[in-house]
file my_file.txt (compact mmCIF, C-alpha atoms and all ligand atoms)
# COMPACT_ATOMS: atom_id res chain seq x y z
CA MET A 1 67.14 47.80 96.26
CA ASN A 2 65.33 44.61 95.25
CA LEU A 3 64.07 43.85 91.78
CA LYS A 4 60.38 44.04 92.66
CA TRP A 5 60.83 47.52 94.05
CA ILE A 6 62.70 48.64 90.95
CA LEU A 7 59.98 47.24 88.71
CA THR A 8 57.30 49.04 90.73
CA LEU A 9 59.25 52.27 90.53
CA ALA A 10 59.75 51.92 86.79
CA PHE A 11 56.04 51.28 86.40
CA ILE A 12 55.06 54.36 88.40
CA LEU A 13 57.50 56.52 86.47
CA SER A 14 56.33 55.24 83.11
CA THR A 15 52.63 55.68 83.89
CA GLN A 16 53.30 59.19 85.14
CA SER A 17 54.92 60.17 81.90
CA ALA A 18 52.47 58.27 79.67
CA PHE A 19 50.52 61.31 78.52
CA ALA A 20 53.24 63.89 78.64
CA LYS A 21 54.49 65.49 75.44
CA PRO A 22 58.22 65.80 74.72
CA ILE A 23 60.29 68.80 75.75
CA ILE A 24 61.33 70.53 72.53
CA ASP A 25 64.28 72.88 72.02
CA SER A 26 63.09 76.43 71.45
CA SER A 27 64.85 76.66 68.06
CA LEU A 28 62.74 73.71 66.86
CA GLN A 29 59.56 75.19 68.31
CA ASP A 30 60.24 78.34 66.30
CA LEU A 31 60.55 76.23 63.14
CA LEU A 32 57.26 74.48 63.89
CA LYS A 33 55.43 77.74 64.48
CA HIS A 34 56.85 79.65 61.56
CA PRO A 35 54.22 79.77 58.76
CA SER A 36 56.74 80.37 55.97
CA VAL A 37 58.79 77.20 56.67
CA ASN A 38 58.35 74.58 53.96
CA SER A 39 56.78 71.53 55.65
CA GLU A 40 58.89 69.19 53.48
CA HIS A 41 62.11 70.88 54.59
CA GLU A 42 64.46 68.30 56.20
CA ILE A 43 66.23 68.73 59.54
CA GLU A 44 68.32 66.65 61.92
CA VAL A 45 66.99 66.15 65.42
CA LEU A 46 67.68 63.91 68.37
CA LEU A 47 64.88 61.91 70.03
CA LEU A 48 65.43 60.97 73.67
CA TYR A 49 63.28 58.18 75.13
CA PRO A 50 62.30 57.91 78.80
CA MET A 51 65.24 56.62 80.86
CA ASP A 52 62.86 54.69 83.10
CA ALA A 53 61.20 52.85 80.21
CA GLY A 54 61.70 49.12 79.91
CA SER A 55 64.83 47.70 81.45
CA ARG A 56 67.05 50.78 81.30
CA ALA A 57 66.64 51.77 84.96
CA GLN A 58 67.25 48.21 86.17
CA SER A 59 70.21 47.62 83.91
CA LEU A 60 72.18 50.31 85.71
CA ALA A 61 71.50 48.64 89.05
CA VAL A 62 72.46 45.10 88.10
CA ASP A 63 76.09 44.04 87.81
CA GLN A 64 76.49 42.59 84.33
CA GLU A 65 78.90 42.08 81.48
CA PRO A 66 79.17 45.33 79.52
CA GLY A 67 78.49 43.44 76.28
CA GLN A 68 75.17 42.08 77.57
CA LEU A 69 74.19 45.56 78.67
CA ILE A 70 75.02 46.99 75.23
CA LYS A 71 72.93 44.29 73.52
CA ARG A 72 69.99 45.02 75.76
CA TRP A 73 70.27 48.76 75.17
CA GLN A 74 70.38 48.18 71.42
CA LYS A 75 67.21 46.07 71.68
CA ASP A 76 65.50 48.68 73.87
CA VAL A 77 66.20 51.44 71.36
CA ARG A 78 64.96 49.36 68.42
CA LYS A 79 61.73 48.72 70.37
CA MET A 80 61.27 52.42 71.07
CA GLU A 81 61.91 53.27 67.42
CA GLU A 82 59.31 50.73 66.30
CA LYS A 83 56.78 52.13 68.76
CA VAL A 84 57.38 55.73 67.75
CA PHE A 85 57.37 55.16 64.01
CA ARG A 86 54.45 52.72 64.03
CA GLU A 87 52.42 55.34 65.88
CA MET A 88 53.35 57.95 63.27
CA ALA A 89 52.40 55.82 60.25
CA PHE A 90 54.62 57.90 57.97
CA ILE A 91 54.41 57.32 54.23
CA ARG A 92 58.19 57.49 54.08
CA ARG A 93 60.07 56.61 57.25
CA PRO A 94 62.67 59.22 58.24
CA MET A 95 66.35 58.32 58.17
CA THR A 96 67.46 57.12 61.59
CA ASP A 97 70.67 56.43 63.46
CA SER A 98 70.27 54.42 66.68
CA LEU A 99 72.14 55.84 69.63
CA TRP A 100 71.89 53.08 72.19
CA LEU A 101 74.40 54.69 74.55
CA ILE A 102 71.98 57.55 75.23
CA HIS A 103 68.71 55.66 74.69
CA GLY A 104 67.84 57.85 71.75
CA THR A 105 67.76 58.15 67.97
CA LYS A 106 69.18 60.66 65.57
CA VAL A 107 66.52 61.39 62.97
CA THR A 108 66.59 63.22 59.65
CA CYS A 109 62.94 64.15 59.14
CA THR A 110 60.70 66.72 57.48
CA ILE A 111 59.06 69.55 59.42
CA ASN A 112 55.75 67.73 58.93
CA GLN A 113 57.15 64.58 60.49
CA LEU A 114 58.62 66.62 63.33
CA LYS A 115 55.12 67.93 64.04
CA SER A 116 53.90 64.37 64.56
CA LEU A 117 56.94 63.43 66.65
CA ALA A 118 56.22 66.43 68.86
CA GLU A 119 52.93 64.76 69.85
CA SER A 120 54.46 61.39 70.77
CA SER A 121 54.08 60.18 74.35
CA HIS A 122 57.07 57.85 73.90
CA ILE A 123 59.61 60.68 73.61
CA VAL A 124 60.83 62.80 76.54
CA ALA A 125 62.80 65.34 74.58
CA ILE A 126 63.47 66.44 71.00
CA ARG A 127 66.79 68.22 70.66
CA ASP A 128 68.16 70.40 67.91
CA LEU A 129 71.48 68.96 66.69
CA LYS A 130 72.86 72.25 65.41
CA ARG A 131 74.58 73.40 68.58
CA PRO A 132 78.34 73.65 67.90
CA VAL A 133 80.93 72.08 70.19
CA PHE A 134 84.53 73.25 70.46
CA LEU A 135 87.84 71.96 71.67
CA VAL A 136 88.65 73.83 74.84
CA LYS A 137 90.77 76.55 73.26
CA ASN A 138 94.40 76.81 74.16
CA HIS A 139 96.07 79.77 75.67
CA GLY A 140 99.60 80.53 74.57
CA PRO A 141 102.56 80.00 76.88
CA HIS A 142 102.87 82.30 79.88
CA VAL A 143 106.60 81.82 80.37
CA SER A 144 109.09 81.26 77.60
CA ALA A 145 111.61 78.88 79.16
CA PRO A 146 110.34 75.43 80.13
CA LEU A 147 111.91 73.98 83.27
CA ALA A 148 115.00 71.96 82.50
CA ASN A 149 114.10 68.66 84.08
CA VAL A 150 113.61 64.98 83.27
CA TYR A 151 109.88 65.33 83.93
CA THR A 152 107.54 68.11 82.90
CA TYR A 153 106.48 70.11 85.94
CA GLY A 154 102.96 68.70 85.50
CA LEU A 155 104.12 65.11 85.83
CA HIS A 156 106.38 66.01 88.73
CA LYS A 157 103.60 67.92 90.51
CA ILE A 158 101.08 65.07 90.45
CA GLY A 159 103.70 62.61 91.70
CA VAL A 160 104.66 60.73 88.52
CA SER A 161 108.42 61.14 89.12
CA GLN A 162 108.10 59.62 92.61
CA ILE A 163 105.85 56.79 91.38
CA ARG A 164 108.31 55.89 88.60
CA SER A 165 111.00 55.19 91.16
CA GLN A 166 108.70 53.49 93.71
CA ARG A 167 106.52 51.50 91.30
CA PRO A 168 108.34 51.33 87.94
CA GLU A 169 105.90 48.67 86.70
CA LEU A 170 103.03 51.19 86.74
CA LEU A 171 103.00 52.59 83.21
CA GLY A 172 99.41 51.89 82.22
CA GLN A 173 100.09 48.50 80.58
CA ASN A 174 97.02 46.98 78.91
CA VAL A 175 94.77 49.86 79.97
CA ARG A 176 92.48 50.98 77.13
CA VAL A 177 92.29 54.77 76.99
CA GLY A 178 89.93 56.66 74.68
CA ILE A 179 90.68 60.17 73.44
CA ILE A 180 87.97 62.15 71.64
CA ASP A 181 89.77 65.07 70.02
CA SER A 182 91.26 66.37 66.74
CA GLY A 183 93.17 63.13 66.08
CA ILE A 184 96.80 62.21 66.64
CA ASP A 185 100.14 62.46 64.85
CA PRO A 186 101.05 58.75 64.54
CA THR A 187 104.62 59.47 63.45
CA HIS A 188 105.57 61.54 66.50
CA VAL A 189 108.45 59.80 68.23
CA SER A 190 106.60 59.97 71.57
CA LEU A 191 103.40 58.44 70.22
CA ARG A 192 104.55 55.99 67.56
CA GLY A 193 103.05 52.51 67.95
CA LYS A 194 100.71 53.53 70.73
CA ILE A 195 97.50 53.67 68.70
CA GLU A 196 95.33 50.59 69.10
CA LYS A 197 92.39 51.91 67.06
CA PHE A 198 91.53 55.07 65.18
CA TYR A 199 88.20 56.24 63.81
CA ASP A 200 87.59 59.35 61.75
CA PHE A 201 84.19 60.94 62.46
CA ILE A 202 84.93 63.89 60.18
CA GLY A 203 83.63 63.80 56.60
CA THR A 204 86.91 62.57 55.08
CA LYS A 205 86.72 59.23 56.96
CA LYS A 206 90.42 58.52 56.62
CA GLU A 207 91.64 55.17 57.91
CA THR A 208 95.16 56.23 58.82
CA PRO A 209 95.51 58.25 62.03
CA TYR A 210 96.18 61.97 61.51
CA ASP A 211 95.78 65.31 63.27
CA ASP A 212 95.21 68.47 61.23
CA ASN A 213 94.82 70.69 64.29
CA GLY A 214 97.49 69.68 66.83
CA HIS A 215 95.31 69.79 69.93
CA GLY A 216 94.74 66.01 69.99
CA THR A 217 98.45 65.22 69.60
CA HIS A 218 99.34 67.46 72.56
CA VAL A 219 96.60 65.90 74.71
CA ALA A 220 97.66 62.34 73.73
CA GLY A 221 101.26 63.20 74.62
CA THR A 222 100.28 64.09 78.19
CA VAL A 223 98.22 60.92 78.57
CA ALA A 224 100.63 58.44 77.01
CA GLY A 225 103.65 60.10 75.40
CA ARG A 226 106.98 58.38 75.83
CA GLU A 227 110.03 60.40 76.77
CA THR A 228 111.26 62.64 73.97
CA SER A 229 114.77 64.07 73.84
CA GLY A 230 115.34 63.25 77.49
CA LYS A 231 112.04 64.59 78.79
CA GLU A 232 109.11 62.55 80.15
CA ILE A 233 105.81 64.03 78.97
CA GLY A 234 103.21 61.27 79.50
CA VAL A 235 101.59 59.96 82.68
CA ALA A 236 100.79 56.44 81.37
CA PRO A 237 103.22 55.74 78.49
CA GLU A 238 102.29 52.07 78.10
CA SER A 239 98.52 52.55 77.83
CA GLU A 240 96.70 51.64 74.59
CA LEU A 241 95.09 54.52 72.76
CA TYR A 242 91.68 54.48 71.06
CA ILE A 243 91.54 57.71 69.09
CA ALA A 244 88.22 59.14 67.93
CA LYS A 245 88.84 62.05 65.58
CA ALA A 246 85.66 64.08 66.03
CA PHE A 247 86.99 67.64 65.69
CA ASN A 248 87.99 69.27 62.42
CA SER A 249 91.13 71.28 61.64
CA GLY A 250 89.45 74.41 63.05
CA GLY A 251 88.75 72.66 66.37
CA SER A 252 84.97 72.42 66.06
CA SER A 253 82.50 69.57 65.95
CA GLY A 254 78.79 68.87 66.29
CA GLU A 255 76.68 67.06 68.83
CA SER A 256 75.76 64.16 66.56
CA GLN A 257 79.39 63.45 65.58
CA LEU A 258 80.37 63.53 69.24
CA LEU A 259 77.54 61.26 70.33
CA LYS A 260 78.65 58.75 67.70
CA ALA A 261 82.26 59.04 68.87
CA MET A 262 81.14 58.54 72.48
CA GLN A 263 79.25 55.43 71.42
CA TRP A 264 82.25 54.16 69.42
CA VAL A 265 84.62 54.14 72.43
CA ALA A 266 82.02 52.00 74.24
CA ASP A 267 82.25 49.34 71.50
CA PRO A 268 85.14 50.10 69.13
CA ASP A 269 84.84 46.89 67.08
CA GLY A 270 81.06 47.14 66.75
CA ASP A 271 80.58 43.70 68.31
CA PRO A 272 79.00 43.78 71.79
CA ALA A 273 80.20 40.21 72.41
CA THR A 274 83.82 41.37 72.66
CA ASN A 275 84.42 43.56 75.69
CA ASP A 276 86.80 45.99 74.04
CA GLN A 277 85.23 49.16 75.47
CA VAL A 278 87.82 51.65 76.70
CA GLN A 279 88.27 52.03 80.46
CA VAL A 280 88.76 55.79 80.66
CA VAL A 281 88.16 58.58 78.12
CA ASN A 282 89.78 61.98 77.83
CA ASN A 283 87.52 64.79 76.63
CA SER A 284 89.20 68.17 76.28
CA TRP A 285 86.13 69.80 74.73
CA SER A 286 83.06 71.64 75.79
CA MET A 287 79.75 73.08 74.66
CA ALA A 288 78.45 76.36 75.99
CA GLY A 289 74.79 76.20 76.75
CA ASP A 290 72.09 77.10 79.17
CA PHE A 291 71.13 74.00 81.08
CA SER A 292 69.40 75.82 83.94
CA LYS A 293 66.04 74.78 82.52
CA SER A 294 66.79 71.10 82.09
CA GLU A 295 67.83 68.16 84.21
CA PRO A 296 70.82 65.90 83.38
CA ASP A 297 68.55 63.09 82.09
CA GLU A 298 67.26 65.43 79.40
CA GLU A 299 70.73 66.19 78.02
CA ALA A 300 72.17 63.68 75.55
CA PHE A 301 75.75 64.28 76.72
CA CYS A 302 74.83 63.46 80.33
CA ARG A 303 73.08 60.30 79.21
CA ALA A 304 76.25 59.34 77.36
CA THR A 305 78.49 59.81 80.41
CA GLN A 306 75.95 57.92 82.52
CA GLY A 307 75.99 55.09 79.96
CA TRP A 308 79.79 55.07 80.03
CA LEU A 309 79.85 54.69 83.80
CA ALA A 310 77.35 51.81 83.63
CA LEU A 311 79.72 50.08 81.19
CA GLY A 312 82.74 50.68 83.43
CA ILE A 313 84.12 53.62 81.41
CA ILE A 314 85.42 56.63 83.36
CA PRO A 315 84.52 60.02 81.79
CA ILE A 316 87.19 62.72 82.26
CA PHE A 317 86.32 66.21 80.98
CA ALA A 318 88.08 69.58 80.81
CA ALA A 319 86.07 72.05 82.91
CA GLY A 320 86.47 74.75 80.23
CA ASN A 321 88.47 77.98 79.84
CA SER A 322 85.72 80.49 80.64
CA GLY A 323 86.95 81.57 84.09
CA PRO A 324 87.38 83.41 86.35
CA TYR A 325 83.63 84.00 86.63
CA ALA A 326 81.36 81.75 88.66
CA SER A 327 79.21 79.03 87.07
CA THR A 328 81.12 78.95 83.77
CA ILE A 329 81.47 75.19 83.37
CA GLY A 330 79.82 73.97 80.15
CA LEU A 331 78.55 70.59 78.97
CA PRO A 332 79.36 67.73 79.33
CA ALA A 333 81.70 68.67 82.24
CA ALA A 334 78.62 69.93 84.10
CA CYS A 335 76.96 66.50 84.01
CA PRO A 336 76.88 64.89 87.47
CA THR A 337 78.39 61.71 85.99
CA ALA A 338 81.37 63.49 84.37
CA VAL A 339 84.64 64.09 86.20
CA ALA A 340 85.30 67.80 85.54
CA VAL A 341 88.91 68.99 85.70
CA GLY A 342 90.11 72.52 86.51
CA ALA A 343 93.61 73.83 85.66
CA THR A 344 96.40 74.80 88.08
CA ASP A 345 99.88 76.24 87.51
CA SER A 346 103.33 75.20 88.75
CA GLN A 347 102.67 76.99 92.07
CA ASP A 348 99.31 75.24 92.63
CA ASN A 349 97.37 78.42 91.91
CA ILE A 350 94.15 78.10 89.98
CA ALA A 351 94.53 79.32 86.39
CA ARG A 352 92.56 82.49 85.77
CA PHE A 353 90.95 80.93 82.68
CA SER A 354 89.85 77.76 84.48
CA SER A 355 86.02 77.54 84.47
CA ARG A 356 84.38 77.69 87.87
CA GLY A 357 81.40 76.04 89.50
CA PRO A 358 78.91 75.70 91.00
CA ILE A 359 76.50 74.01 88.61
CA TYR A 360 72.82 74.87 88.54
CA TRP A 361 70.48 72.54 86.71
CA ARG A 362 66.72 73.07 87.00
CA VAL A 363 66.70 71.19 90.30
CA THR A 364 70.11 69.55 90.69
CA ARG A 365 72.90 71.68 92.21
CA GLN A 366 76.49 70.63 92.44
CA ILE A 367 79.93 71.96 93.35
CA LYS A 368 82.30 71.53 90.38
CA PRO A 369 84.98 71.06 89.10
CA ASP A 370 85.61 67.68 90.71
CA VAL A 371 89.42 67.89 90.76
CA SER A 372 92.24 69.99 89.32
CA ALA A 373 95.53 69.24 87.59
CA PRO A 374 98.38 71.20 85.96
CA GLY A 375 97.15 73.06 82.88
CA VAL A 376 99.34 76.17 82.55
CA ASP A 377 102.40 76.00 80.25
CA ILE A 378 102.26 72.27 79.72
CA GLU A 379 104.98 70.80 77.57
CA SER A 380 103.82 67.97 75.33
CA ALA A 381 103.93 66.59 71.79
CA ARG A 382 103.83 69.01 68.88
CA ASN A 383 102.06 67.95 65.71
CA GLY A 384 104.85 67.12 63.23
CA GLY A 385 107.49 66.44 65.89
CA GLY A 386 109.14 67.97 68.92
CA LEU A 387 107.50 69.55 71.93
CA ARG A 388 105.54 72.73 72.62
CA LEU A 389 103.90 74.56 75.50
CA LEU A 390 100.14 74.95 75.69
CA SER A 391 97.80 76.10 78.43
CA GLY A 392 94.19 75.24 79.11
CA THR A 393 91.93 72.90 81.06
CA SER A 394 92.42 70.82 77.88
CA MET A 395 95.95 70.20 79.15
CA ALA A 396 94.83 69.53 82.76
CA SER A 397 92.31 66.85 81.81
CA PRO A 398 94.85 64.43 80.23
CA HIS A 399 96.92 64.47 83.44
CA VAL A 400 93.84 63.11 85.21
CA THR A 401 93.12 60.60 82.42
CA GLY A 402 96.69 59.30 82.60
CA ALA A 403 96.51 59.14 86.40
CA MET A 404 93.31 57.13 86.09
CA ALA A 405 95.05 54.71 83.71
CA LEU A 406 97.66 54.04 86.41
CA LEU A 407 94.94 53.52 89.03
CA LEU A 408 93.13 51.11 86.68
CA GLN A 409 96.33 49.10 86.38
CA ALA A 410 97.12 49.22 90.11
CA PHE A 411 93.61 48.32 91.33
CA PRO A 412 92.10 45.95 88.75
CA GLU A 413 89.46 44.76 91.24
CA SER A 414 88.11 48.23 92.06
CA SER A 415 84.90 49.54 90.51
CA THR A 416 84.89 52.74 88.45
CA ASP A 417 83.10 54.55 91.29
CA GLN A 418 85.75 53.42 93.78
CA LEU A 419 88.57 54.60 91.50
CA ILE A 420 86.96 58.02 90.97
CA GLN A 421 86.45 58.35 94.74
CA ARG A 422 90.07 57.34 95.34
CA LEU A 423 91.36 60.06 93.01
CA ILE A 424 89.05 62.72 94.47
CA GLU A 425 89.67 61.86 98.14
CA SER A 426 93.45 61.77 97.77
CA ALA A 427 93.65 65.16 96.01
CA LYS A 428 95.61 67.93 97.73
CA ASP A 429 93.11 70.41 99.12
CA LEU A 430 93.81 73.93 97.83
CA GLY A 431 92.14 77.34 98.19
CA GLU A 432 89.22 77.42 100.62
CA THR A 433 89.20 74.45 102.97
CA GLY A 434 87.39 71.47 101.50
CA LEU A 435 85.53 71.14 98.21
CA ASP A 436 85.30 74.47 96.39
CA SER A 437 84.21 75.91 93.05
CA LYS A 438 87.74 76.66 91.81
CA PHE A 439 89.78 73.53 92.56
CA GLY A 440 87.02 71.03 93.33
CA ALA A 441 88.50 68.55 95.82
CA GLY A 442 91.99 69.83 94.94
CA ARG A 443 95.00 69.04 92.72
CA ILE A 444 95.38 65.32 92.07
CA ASP A 445 98.16 63.49 93.90
CA LEU A 446 99.10 60.07 92.49
CA VAL A 447 101.38 59.18 95.37
CA ARG A 448 98.46 59.35 97.83
CA ALA A 449 95.97 57.91 95.34
CA LEU A 450 98.11 54.80 94.90
CA GLU A 451 98.45 54.11 98.63
CA PRO A 452 96.84 50.75 99.42
CA CA B 1 83.07 45.13 71.36
CA CA B 2 89.62 73.54 98.66

call {"tool": "encode", "arguments": {"input": "my_file.txt", "output": "structure tokens"}}
result
Amino acid sequence: MNLKWILTLAFILSTQSAFAKPIIDSSLQDLLKHPSVNSEHEIEVLLLYPMDAGSRAQSLAVDQEPGQLIKRWQKDVRKMEEKVFREMAFIRRPMTDSLWLIHGTKVTCTINQLKSLAESSHIVAIRDLKRPVFLVKNHGPHVSAPLANVYTYGLHKIGVSQIRSQRPELLGQNVRVGIIDSGIDPTHVSLRGKIEKFYDFIGTKKETPYDDNGHGTHVAGTVAGRETSGKEIGVAPESELYIAKAFNSGGSSGESQLLKAMQWVADPDGDPATNDQVQVVNNSWSMAGDFSKSEPDEEAFCRATQGWLALGIIPIFAAGNSGPYASTIGLPAACPTAVAVGATDSQDNIARFSSRGPIYWRVTRQIKPDVSAPGVDIESARNGGGLRLLSGTSMASPHVTGAMALLLQAFPESSTDQLIQRLIESAKDLGETGLDSKFGAGRIDLVRALEP
């Protein structure tokens, strides 16, 4: 696609949308219509600008340094904010938080100001930020006795034991892995010294890594845990962890915290000039929601995963534990740009709880999950020391994240798209022949994925 063509396309798209009003979440529409609501009442909303506006569409097509891209996105968002707020001519400007990763702004505004924003032609969607997001809840152990082995069955199943003897140098060295979860226990013997950066997005804003839930520690153990008491628990034990604590002790979070955490892993030191963005991110969390009336571009989470991919960051998401019914995959796993992971057991059966595809957006349809990995009775790090068994797609996802860290180390010249394709195409087909709504392409197989 040449530049002229892209510019023409962007122009057509922007003129088409020039007079359209933003899509507004129904909960916000109710607020606007309700006569008894105080017009000075303050609320938090998310403004999403047109993806085709300015240079955004082109930037995804042109191969560039991630840092340059981030700078341009930051400039684009500032421009959009100026346009929107100049048009409004508010007496007092609302409080804003620029979210360059999703080409949007978090705004704390009055109902009156929201009424004006609802008329703006520069905004495609206004989203309510009150929707809760949860860690994909664990299921307790199904069997009591873990297999007595040097490797957990999960590691053995995806080929880690074989790879360790064939390619002992592949441990994820120098690969930057992000984990957005409930935090991490930094004193656990399997995880000590592995944390490169930690950021607390929960109110307390602690500087020292911690985990008051335990979910994040277990997930981190599967990604990067070193052997503990003779047992190997982590796929990529030499990878560097960037831990965003965005879930509280009860395992819940909010969209705005998560969007900030997603932006943080894209530029952990807050300086676009240094390319310290992570290379792969584990996300064992999900938001239920009806997205049958929207398209991925209108969902902030999908914009975030799309932004990640443009910056060379691979988004790995738990499919969710809402199976066995069809079409139970939530957001962001349902985004076309997210790699959604289903859970299998030690016999390569799909877990009953593993969320199923297919995905139905307003127009876009897709078979999901993308791949599967072990997620039933997974032994990994326990908060406070030792090991414990947990089940869930939350436990399957970090197997894929760790596998991706090894691929990133083994194929430094490959693009993110090529690496994702490599993992998907080498998966062991299970269930119905070919891609299906339970296993996706199948259970990942590192031995095949690492073949030249
Ligand atoms: Ca940076
Ligand atoms: Ca299949």

call {"tool": "residues_around", "arguments": {"input": "my_file.txt", "residues": "Asp269 in chain A", "least_positions_apart": "4", "cutoff": "12 Å", "atoms": "only C-alpha atoms", "output": "list in words"}}
result
Gly67, Glu196, Lys197, Phe198, Tyr199, Tyr242, Gln263, Trp264, Val265, Ala273, Thr274, Asn275, Asp276, Gln277 and Val278 of chain A

call {"tool": "closest_atom_pairs", "arguments": {"input": "my_file.txt", "of": "chain A", "to": "ligand CA 2 (chain B)", "cutoff": "10 Å", "atoms": "only C-alpha atoms and all ligand atoms", "output": "tab-separated table"}}
result
residue	atom	partner	partner_atom	distance
A:Val371	CA	B:CA2	CA	9.7
A:Ala427	CA	B:CA2	CA	9.7
A:Lys428	CA	B:CA2	CA	8.3
A:Asp429	CA	B:CA2	CA	4.7
A:Leu430	CA	B:CA2	CA	4.3
A:Gly431	CA	B:CA2	CA	4.6
A:Glu432	CA	B:CA2	CA	4.4
A:Thr433	CA	B:CA2	CA	4.4
A:Gly434	CA	B:CA2	CA	4.2
A:Leu435	CA	B:CA2	CA	4.8
A:Asp436	CA	B:CA2	CA	5.0
A:Ser437	CA	B:CA2	CA	8.1
A:Lys438	CA	B:CA2	CA	7.8
A:Phe439	CA	B:CA2	CA	6.1
A:Gly440	CA	B:CA2	CA	6.4
A:Ala441	CA	B:CA2	CA	5.8
A:Gly442	CA	B:CA2	CA	5.8
A:Arg443	CA	B:CA2	CA	9.2

call {"tool": "atom_distance", "arguments": {"input": "my_file.txt", "atom1": "CA of Ala246 in chain A", "atom2": "CA of Met80 in chain A"}}
result
27.5 Å

call {"tool": "atom_distance", "arguments": {"input": "my_file.txt", "atom1": "CA of Ala340 in chain A", "atom2": "CA of Ala318 in chain A"}}
result
5.8 Å

call {"tool": "residues_around", "arguments": {"input": "my_file.txt", "residues": "range 156-159 of chain A", "least_positions_apart": "3", "cutoff": "6 Å", "atoms": "all atoms listed in the file", "output": "compact mmCIF listing (two decimals) with C-alpha atoms, in the frame of the given file"}}
result
# COMPACT_ATOMS: atom_id res chain seq x y z
CA TYR A 151 109.88 65.33 83.93
CA TYR A 153 106.48 70.11 85.94
CA GLN A 162 108.10 59.62 92.61
CA ILE A 444 95.38 65.32 92.07
CA ASP A 445 98.16 63.49 93.90
CA LEU A 446 99.10 60.07 92.49
CA VAL A 447 101.38 59.18 95.37

call {"tool": "closest_residue", "arguments": {"input": "my_file.txt", "among": "A:Val281, A:Leu311, A:Lys206, A:Lys293", "to": "ligand CA 1 (chain B)", "atoms": "all atoms listed in the file"}}
result
A:Leu311

call {"tool": "residues_around", "arguments": {"input": "my_file.txt", "residues": "range 86-96 of chain A", "least_positions_apart": "3", "cutoff": "12 Å", "atoms": "only C-alpha atoms", "output": "PyMOL selection string"}}
result
chain A and resi 40+42-47+77-83+99+104-123+256

call {"tool": "atom_distance", "arguments": {"input": "my_file.txt", "atom1": "CA of Ala396 in chain A", "atom2": "CA of Ile378 in chain A"}}
result
8.5 Å

call {"tool": "axis_aligned_box", "arguments": {"input": "my_file.txt", "around": "range 359-370 of chain A", "padding_each_side": "8 Å", "output": "AutoDock Vina command-line options"}}
result
--center_x 76.2 --center_y 71.3 --center_z 90.0 --size_x 34.9 --size_y 23.2 --size_z 22.6

call {"tool": "closest_residue", "arguments": {"input": "my_file.txt", "among": "A:Leu259, A:Asp271, A:Ile420, A:Gln29", "to": "Ala300 in chain A", "atoms": "only C-alpha atoms"}}
result
A:Leu259

call {"tool": "closest_residue", "arguments": {"input": "my_file.txt", "among": "A:Lys245, A:Asp377, A:Ser294, A:Val189", "to": "Thr204 in chain A", "atoms": "all atoms listed in the file"}}
result
A:Lys245
